[in-house]
Amino acid sequence: MRAVRFTRTGGPEVLELADLPAPQPGPGEVAIDVSHAGVHFADVMFRRGQFPVGLPAVPGLEVAGTVAALGAGVTGLQVGEAVVAVPTGLGGNAERVVAPAVTTLPLDGLDPLLAAATACNAATAVGTLRGAARLVAGDRVLVLGASGALGSLLGRLATVYGAALVVGAASTPERAARATAHGYQHAFEYAELADRTPELTDGHGFDVIIDSVGGAPREQARSLLAVLGRHVVIGNAADQDISLDANQVWYDSFTLAGYNLGGLLARRPDLLRAHLAEGLRLVADGTLTIDVEEIGWDGVAEAHARLEGRTAEAKYVLRTA
Ligand SMILES: NC(=O)c1ccc[n+]([C@@H]2O[C@H](COP(=O)([O-])OP(=O)(O)OC[C@H]3O[C@@H](n4cnc5c(N)ncnc54)[C@H](OP(=O)(O)O)[C@@H]3O)[C@@H](O)[C@H]2O)c1
């Protein structure tokens, strides 16, 4: 089968097209003939060595396609059925992938392009806002990295879940404008946050800050939080963390929370399935929208370069045929 692979970590140039043996499903797993595979920022993090990864590796955390074979003990799915799945680890940028049955859901008429574009991020948006942020009606919410694929879903979903104020932050005015197009009431550059927060929050600060960015905005987040606010860490695109004393949570009366899809997949796949089902339902009914660009095999390295270079204008999805 054709697959994108990397045999060493590094820049987008380490990605290559390879001919690999098709994987076989083990017990509780499903083999999927992939038609569409999302290119995700987490693929970039694995490829550049930010997360540990066994080599060689095939990137790809979200796919749509049809069931090719069922492993022992799998019930409720049929060979030939159209599905969307989150595989264990990576492997999705290939003509065939194996995924746990628990994170393989029937497409139920959802466009496979949209399903592959949103599977991980829609699940993460639901799990982050409901599970980690414990969003309640009336919350004032700030999303860092609001212009990205996940940010496009978080703003709208926060409104659906009852937030009174939904603000996005991005690196440039153009990227901030992308956030407002996806439902943010206000969006501006990170550099403006300190000045704009008091006026927008009546001097209280944000009840919830969703932080997939790290770096300087993470450092700044605590000064933007309301008393008893929740700082929810869900990524580190900048590859720069901060250090934090546990006593600081006490002194400053705030909550530090997190959500990691990979962690749920390993420890609570049933919960991840629930988040995935809810997120995809909201995509299917048009509540959550996203700009998608379909690419071919030769476009994956360029897609990585754009994600890493903060110049992506859409979510990239590999069309395998
Ligand atoms: N916790 C989880 O389970 C989970 C699940 C899905 C995604 N994530 C994380 O969420 C983040 C966004 O994912 P995505 O799919 O939305 O990716 P994306 O479409 O590429 O968006 C990345 C976002 O990060 C911002 N950013 C800030 N600093 C950056 C840097 N140094 N390099 C690149 N981008 C930077 C970019 O916007 P600006 O340039 O405007 O700042 C952009 O909005 C990633 O860090 C990803 O790993 C976490």
# chains A, B, ... in the order shown; residues from 1 in each chain; ligands from 1
$ select_by_dssp --residues "stretch 151-289 of chain A" --states "strand (DSSP E)" --output "PyMOL selection string"
chain A and resi 165-170+186-189+206-211+225-233+255-258
$ write_last_selection --atoms "C-alpha atoms" --output "JSON list (two decimals), in the first residue's frame"
[["chain", "number", "residue", "atom", "x", "y", "z"],
["A", 165, "LEU", "CA", -18.32, 36.09, 25.61],
["A", 166, "VAL", "CA", -16.07, 34.25, 23.15],
["A", 167, "VAL", "CA", -12.81, 35.96, 22.25],
["A", 168, "GLY", "CA", -10.05, 34.61, 20.00],
["A", 169, "ALA", "CA", -6.38, 35.51, 19.81],
["A", 170, "ALA", "CA", -4.10, 34.98, 16.82],
["A", 186, "HIS", "CA", -13.95, 39.47, 19.03],
["A", 187, "ALA", "CA", -10.55, 38.39, 17.77],
["A", 188, "PHE", "CA", -7.23, 40.19, 17.79],
["A", 189, "GLU", "CA", -3.48, 39.69, 18.05],
["A", 206, "PHE", "CA", -11.75, 35.43, 31.48],
["A", 207, "ASP", "CA", -13.43, 32.53, 33.26],
["A", 208, "VAL", "CA", -11.89, 30.09, 30.79],
["A", 209, "ILE", "CA", -8.71, 30.31, 28.71],
["A", 210, "ILE", "CA", -8.11, 27.53, 26.19],
["A", 211, "ASP", "CA", -4.40, 27.29, 25.48],
["A", 225, "LEU", "CA", -7.89, 34.94, 34.18],
["A", 226, "ALA", "CA", -10.81, 35.85, 36.43],
["A", 227, "VAL", "CA", -10.73, 34.75, 40.07],
["A", 228, "LEU", "CA", -11.52, 30.99, 40.05],
["A", 229, "GLY", "CA", -10.88, 30.97, 36.29],
["A", 230, "ARG", "CA", -9.81, 27.80, 34.43],
["A", 231, "HIS", "CA", -6.63, 27.74, 32.34],
["A", 232, "VAL", "CA", -6.99, 24.71, 30.07],
["A", 233, "VAL", "CA", -3.80, 23.49, 28.42],
["A", 255, "THR", "CA", -7.68, 25.96, 38.09],
["A", 256, "LEU", "CA", -5.15, 24.41, 35.75],
["A", 257, "ALA", "CA", -6.76, 21.74, 33.58],
["A", 258, "GLY", "CA", -5.89, 19.74, 30.47]]
$ closest_atom_pairs --of "chain A" --to "ligand 1" --cutoff "8 Å" --atoms "only C-alpha atoms and all ligand atoms" --output "Markdown table"
| residue | atom | partner | partner_atom_place_in_ligand_line | distance |
| --- | --- | --- | --- | --- |
| A:His40 | CA | ligand 1 | 15 (O) | 5.4 |
| A:Phe41 | CA | ligand 1 | 17 (O) | 4.6 |
| A:Ala42 | CA | ligand 1 | 47 (O) | 4.5 |
| A:Met45 | CA | ligand 1 | 47 (O) | 7.1 |
| A:Cys120 | CA | ligand 1 | 6 (C) | 5.8 |
| A:Asn121 | CA | ligand 1 | 6 (C) | 4.8 |
| A:Ala123 | CA | ligand 1 | 5 (C) | 7.9 |
| A:Thr124 | CA | ligand 1 | 5 (C) | 5.1 |
| A:Ala125 | CA | ligand 1 | 5 (C) | 7.9 |
| A:Thr128 | CA | ligand 1 | 1 (N) | 7.9 |
| A:Leu144 | CA | ligand 1 | 41 (O) | 7.2 |
| A:Gly145 | CA | ligand 1 | 43 (O) | 3.7 |
| A:Ala146 | CA | ligand 1 | 43 (O) | 5.2 |
| A:Ser147 | CA | ligand 1 | 43 (O) | 4.2 |
| A:Gly148 | CA | ligand 1 | 43 (O) | 3.3 |
| A:Ala149 | CA | ligand 1 | 16 (O) | 3.6 |
| A:Leu150 | CA | ligand 1 | 16 (O) | 3.6 |
| A:Gly151 | CA | ligand 1 | 16 (O) | 5.5 |
| A:Ser152 | CA | ligand 1 | 16 (O) | 7.5 |
| A:Ala169 | CA | ligand 1 | 40 (O) | 7.0 |
| A:Ala170 | CA | ligand 1 | 40 (O) | 3.5 |
| A:Ser171 | CA | ligand 1 | 40 (O) | 3.9 |
| A:Thr172 | CA | ligand 1 | 40 (O) | 6.1 |
| A:Arg175 | CA | ligand 1 | 40 (O) | 5.3 |
| A:Ala176 | CA | ligand 1 | 40 (O) | 6.8 |
| A:Glu189 | CA | ligand 1 | 40 (O) | 7.8 |
| A:Tyr190 | CA | ligand 1 | 41 (O) | 7.9 |
| A:Ser212 | CA | ligand 1 | 10 (O) | 4.7 |
| A:Val213 | CA | ligand 1 | 27 (C) | 4.7 |
| A:Gly214 | CA | ligand 1 | 28 (N) | 7.2 |
| A:Gly215 | CA | ligand 1 | 28 (N) | 7.6 |
| A:Val233 | CA | ligand 1 | 1 (N) | 7.4 |
| A:Ile234 | CA | ligand 1 | 1 (N) | 3.8 |
| A:Gly235 | CA | ligand 1 | 45 (O) | 4.1 |
| A:Asn236 | CA | ligand 1 | 45 (O) | 4.8 |
| A:Ala237 | CA | ligand 1 | 45 (O) | 4.0 |
| A:Ala238 | CA | ligand 1 | 31 (N) | 3.4 |
| A:Asp239 | CA | ligand 1 | 31 (N) | 6.8 |
| A:Gly258 | CA | ligand 1 | 1 (N) | 7.3 |
| A:Tyr259 | CA | ligand 1 | 1 (N) | 4.9 |
| A:Asn260 | CA | ligand 1 | 3 (O) | 3.5 |
| A:Leu261 | CA | ligand 1 | 3 (O) | 3.6 |
| A:Gly262 | CA | ligand 1 | 3 (O) | 6.2 |
| A:Gly263 | CA | ligand 1 | 3 (O) | 7.8 |
| A:Arg306 | CA | ligand 1 | 20 (O) | 7.9 |
| A:Leu307 | CA | ligand 1 | 20 (O) | 4.4 |
| A:Glu308 | CA | ligand 1 | 33 (C) | 4.7 |
| A:Gly309 | CA | ligand 1 | 33 (C) | 6.0 |
| A:Arg310 | CA | ligand 1 | 39 (O) | 4.6 |
| A:Thr311 | CA | ligand 1 | 39 (O) | 7.3 |
| A:Ala312 | CA | ligand 1 | 20 (O) | 6.6 |
| A:Ala314 | CA | ligand 1 | 19 (O) | 7.3 |
| A:Lys315 | CA | ligand 1 | 19 (O) | 6.2 |
$ residues_around --residues "A:Pro59" --least-positions-apart "6" --cutoff "9 Å" --atoms "only C-alpha atoms" --output "PyMOL selection string"
chain A and resi 3-6+39-40+42-44+46-47+89-94
$ select_by_dssp --residues "stretch 75-275 of chain A" --states "alpha helix (DSSP H)" --output "ChimeraX atom specification"
/A:112-126,149-160,173-181,193-200,215-224,246-252,261-267,269-275
$ residues_around --residues "A:Trp297" --least-positions-apart "3" --cutoff "12 Å" --atoms "only C-alpha atoms" --output "list in words"
Arg2, Ala3, Val4, Arg5, Leu15, Glu16, Leu17, Ala18, Ser35, His36, Ala37, Val39, Asn93, Ala94, Glu95, Glu294, Val300, Ala301, Glu302, Ala303, Tyr316, Val317, Leu318, Arg319, Thr320 and Ala321 of chain A
$ residues_around --residues "A:Gly127" --least-positions-apart "4" --cutoff "9 Å" --atoms "only C-alpha atoms" --output "PyMOL selection string"
chain A and resi 122-123+131-133+259-261+271-272+274-276+279
$ write_last_selection --atoms "all heavy atoms" --output "compact mmCIF listing (two decimals), in the first residue's frame"
# COMPACT_ATOMS: atom_id res chain seq x y z
N ALA A 122 -12.83 17.95 16.50
CA ALA A 122 -14.20 18.05 17.01
C ALA A 122 -14.30 17.31 18.35
O ALA A 122 -14.91 17.81 19.30
CB ALA A 122 -15.19 17.48 16.00
N ALA A 123 -13.68 16.13 18.43
CA ALA A 123 -13.67 15.39 19.70
C ALA A 123 -12.96 16.22 20.78
O ALA A 123 -13.43 16.33 21.92
CB ALA A 123 -12.96 14.05 19.54
N GLY A 131 -15.44 18.60 29.31
CA GLY A 131 -14.74 17.77 30.30
C GLY A 131 -13.69 18.53 31.09
O GLY A 131 -13.60 18.39 32.31
N ALA A 132 -12.87 19.31 30.40
CA ALA A 132 -11.74 19.97 31.08
C ALA A 132 -12.12 21.36 31.58
O ALA A 132 -11.87 21.70 32.73
CB ALA A 132 -10.54 20.03 30.14
N ALA A 133 -12.71 22.18 30.74
CA ALA A 133 -13.04 23.56 31.13
C ALA A 133 -14.29 23.61 32.00
O ALA A 133 -14.50 24.58 32.72
CB ALA A 133 -13.24 24.42 29.89
N TYR A 259 -6.53 18.53 28.52
CA TYR A 259 -7.22 17.48 27.75
C TYR A 259 -6.25 16.97 26.71
O TYR A 259 -5.66 17.76 25.97
CB TYR A 259 -8.47 18.04 27.05
CG TYR A 259 -9.27 16.99 26.29
CD1 TYR A 259 -10.30 16.29 26.92
CD2 TYR A 259 -8.99 16.69 24.96
CE1 TYR A 259 -11.03 15.33 26.24
CE2 TYR A 259 -9.71 15.72 24.27
CZ TYR A 259 -10.74 15.05 24.91
OH TYR A 259 -11.46 14.09 24.24
N ASN A 260 -6.07 15.66 26.66
CA ASN A 260 -5.16 15.06 25.68
C ASN A 260 -5.85 13.86 25.04
O ASN A 260 -6.06 12.83 25.69
CB ASN A 260 -3.87 14.63 26.39
CG ASN A 260 -2.91 13.94 25.45
OD1 ASN A 260 -3.09 13.96 24.23
ND2 ASN A 260 -1.89 13.32 26.00
N LEU A 261 -6.20 14.02 23.78
CA LEU A 261 -6.91 12.98 23.04
C LEU A 261 -6.16 11.65 23.08
O LEU A 261 -6.76 10.59 23.30
CB LEU A 261 -7.10 13.46 21.61
CG LEU A 261 -7.81 12.58 20.60
CD1 LEU A 261 -8.70 13.44 19.72
CD2 LEU A 261 -6.80 11.85 19.73
N LEU A 271 -14.71 7.15 26.58
CA LEU A 271 -14.99 8.58 26.74
C LEU A 271 -14.61 9.34 25.47
O LEU A 271 -15.34 10.22 25.01
CB LEU A 271 -14.20 9.11 27.95
CG LEU A 271 -14.54 10.49 28.47
CD1 LEU A 271 -16.03 10.62 28.78
CD2 LEU A 271 -13.71 10.78 29.74
N LEU A 272 -13.46 8.96 24.87
CA LEU A 272 -13.07 9.58 23.61
C LEU A 272 -14.15 9.30 22.55
O LEU A 272 -14.51 10.19 21.77
CB LEU A 272 -11.71 9.05 23.15
CG LEU A 272 -11.25 9.56 21.79
CD1 LEU A 272 -11.18 11.08 21.74
CD2 LEU A 272 -9.90 8.96 21.41
N ALA A 274 -17.28 8.93 22.98
CA ALA A 274 -18.44 9.81 23.25
C ALA A 274 -18.15 11.23 22.75
O ALA A 274 -19.01 11.87 22.13
CB ALA A 274 -18.76 9.82 24.74
N HIS A 275 -16.92 11.72 22.98
CA HIS A 275 -16.56 13.06 22.51
C HIS A 275 -16.54 13.10 20.98
O HIS A 275 -16.98 14.08 20.36
CB HIS A 275 -15.19 13.47 23.06
CG HIS A 275 -15.18 13.62 24.56
ND1 HIS A 275 -14.03 13.64 25.31
CD2 HIS A 275 -16.20 13.76 25.45
CE1 HIS A 275 -14.32 13.80 26.60
NE2 HIS A 275 -15.64 13.87 26.70
N LEU A 276 -16.03 12.03 20.37
CA LEU A 276 -15.97 11.95 18.90
C LEU A 276 -17.38 11.94 18.31
O LEU A 276 -17.67 12.67 17.35
CB LEU A 276 -15.21 10.66 18.54
CG LEU A 276 -14.86 10.38 17.10
CD1 LEU A 276 -14.01 11.49 16.48
CD2 LEU A 276 -14.09 9.04 17.01
N GLY A 279 -18.92 15.41 18.73
CA GLY A 279 -18.29 16.39 17.82
C GLY A 279 -18.72 16.17 16.39
O GLY A 279 -19.08 17.13 15.67
$ atom_distance --atom1 "atom CA of A:Ala115" --atom2 "atom CA of A:Leu154"
16.5 Å
